[in-house]
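Visitor: Have a look at this one before I ask anything.
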Amino acid sequence: MDSRPHRVVVLALDGVLPFELAIPQRIFGMARDERGRPLYEVVTCSVRPPGPVRTDADFAVLVGHGPEALATADTVVVPASDELGPALGEGRLTDELTAALARIRPGTRLVAVCTGGYVLAAAGLLDGRPATTHWAYAEHFQQLFPAVRVDADVLFVDDGDVLTSAGVAAGVDLCVHIVRRDHGTGVANDVARRTVVPPHRDGGQAQYIERPVPDPRQSSTTRARAWALARLHEPIQLRDMAAQEAMSVRTFTRRFREESGLSPGQWLTQQRVERARHLLESTGLSVDRVARDAGFGTAQSMRQHLQGVLGVTPTAYRRTFRAGDAVSTGCGE
């Protein structure tokens, strides 16, 4: 069995944004297996021979690999660039960049951070696919690339072998999501803990677009969320959550959406899916028991929710992350 680390090649283009450029190295570089061995190898390349690449800041970065590194990648990441994002003109790539992208092997996973999606779209790699980008450029992106199904209201889009993120810090969410998809919640949570970022912000969570900041003099919904998290295995009514904050259901629902971007019901389902994933990965509990402990009540209900979110059944999900373990499946398949 091939035990080499998964090779991530980050393409640094002229005008690259340093924050976005550093995200893959920081997130993937932190991922370790149970013996402390790196799960990813991250290298940075440019479209030219090794040398300096201009950033959008007052410094350049010295890149140690040329475009030939793209041919060795298992995953290619394209961070945002102020030259090859919204300033791409009519959506045409330079001959130099076109030749570099041609080196990527078929089947390589492609990831774009923020307006890095302009590069993938201009290369025709997003045609017919769902994708996202920074909300401020979503309308321009859609006009420039009408064949792409743009969703401006999400943090990231996972379309299997092609993934795109919204602006800036959403690239962190996307990379943590990829670690979770590749190696499970345990590894992803460890990476998130070590880099001091949230372990999970679902890709379907709304981008923060003109969302009003709650008045600090008003009560938040933090207490209600903590109360619900301690009782996910029980039936939870909206009125009971509102009561934790001494609010009416209407006020609580409005305040909750302002703070989280989700309705209370959507948030509860998201938390229960995460609880189910954790139990499926880390325990040998039957699928029926996992469904009860996660608050879905029945294995059938959990199966429907996991298929809706992850596209797999509970047993298939467990098989992916607990290969070789003896586990009880119950009747959830």
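Each chain in the structure tokens gets a letter, A, B and so on, in the order shown; residues start at 1 in every chain, and ligands are counted from 1 in the order they appear.
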Write out as a ChimeraX atom specification which residues come within 12 Å of Leu310 (chain A) when counting only C-alpha atoms, dropping same-chain ones fewer than 6 positions away.
Guide: /A:158-160,177,180-181,202-204,270,273-274,276-277,302-304,316-317
Visitor: Give me the residues near Arg257 (chain A) as a list of chain:residue names, where near means some atom within 10 Å (using only C-alpha atoms) and where sequence neighbours in that chain fewer than 5 positions away do not count.
Guide: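 Those residues are A:Arg211, A:Thr221, A:Phe252, A:Leu262, A:Ser263, A:Pro264, A:Gln266, A:Trp267.
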Visitor: Could you list, as a list in words, every residue within 12 Å of Ala57 (chain A), counting only C-alpha atoms and ignoring same-chain residues fewer than 2 positions away?
Guide: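 The residues that qualify are Asp14, Gly15, Val16, Leu17, Pro18, Phe19, Val53, Arg54, Thr55, Phe59, Ala60, Val61, Ser81 and Asp82 of chain A.
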Visitor: Restricting it to C-alpha atoms, dump the selection as a CSV table (one decimal), in the first residue's frame.
Guide:
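Listed below is the output, again.csv:
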chain,number,residue,atom,x,y,z
A,14,ASP,CA,1.7,37.1,-9.8
A,15,GLY,CA,-0.3,39.3,-7.5
A,16,VAL,CA,-1.0,36.4,-5.1
A,17,LEU,CA,-2.6,37.3,-1.8
A,18,PRO,CA,-0.2,36.2,1.0
A,19,PHE,CA,-2.9,35.1,3.4
A,53,VAL,CA,6.7,36.0,-7.3
A,54,ARG,CA,5.0,39.3,-6.7
A,55,THR,CA,2.3,39.5,-4.1
A,59,PHE,CA,7.0,42.1,-0.7
A,60,ALA,CA,7.6,39.2,-3.0
A,61,VAL,CA,7.8,35.5,-2.1
A,81,SER,CA,-4.5,36.9,-7.2
A,82,ASP,CA,-5.1,40.5,-7.8
Visitor: Hey, what's within 9 Å of Val172 (chain A) if we count only C-alpha atoms and toss same-chain stuff fewer than 6 positions away? As a PyMOL selection string, please?
Guide: chain A and resi 20+23-24+27+113+165+197
Visitor: Please, could you write that set of residues out with N, CA and C atoms as a compact mmCIF listing (two decimals), in the first residue's frame?
Guide:
# COMPACT_ATOMS: atom_id res chain seq x y z
N GLU A 20 -4.04 33.98 1.57
CA GLU A 20 -4.58 32.82 0.89
C GLU A 20 -3.47 31.84 0.49
N ILE A 23 -2.58 29.51 3.48
CA ILE A 23 -3.59 28.62 4.07
C ILE A 23 -3.30 27.14 3.84
N PRO A 24 -3.03 26.69 2.61
CA PRO A 24 -2.81 25.25 2.41
C PRO A 24 -1.63 24.71 3.22
N ILE A 27 -2.77 24.54 7.02
CA ILE A 27 -3.79 23.54 7.36
C ILE A 27 -3.32 22.13 7.00
N VAL A 113 -9.20 28.97 -3.99
CA VAL A 113 -9.49 29.78 -2.81
C VAL A 113 -9.89 31.17 -3.26
N SER A 165 -13.89 27.96 -2.79
CA SER A 165 -14.29 28.62 -1.55
C SER A 165 -14.64 30.07 -1.80
N VAL A 197 -8.71 27.46 14.91
CA VAL A 197 -9.81 27.85 14.03
C VAL A 197 -11.00 26.94 14.33
Visitor: Leaving out Arg239 (chain A) and any residue of its chain fewer than 5 positions from it, which residues lie within 9 Å of it when counting only C-alpha atoms, given as a PyMOL selection string?
Guide: chain A and resi 244+247-249+252
Visitor: Could you please determine the separation between CA of Tyr137 (chain A) and CA of Pro86 (chain A) in Å, to one decimal place?
Guide: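 Between CA of Tyr137 (chain A) and CA of Pro86 (chain A) the gap is 7.1 Å.
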Visitor: What are the DSSP strand (DSSP E) residues of region 126-262 of chain A, as a list in words?
Guide: Pro130, Ala131, Arg149, Val150, Phe156, Val157, Asp158, Val162, Leu163, Thr164 and Ser165 of chain A
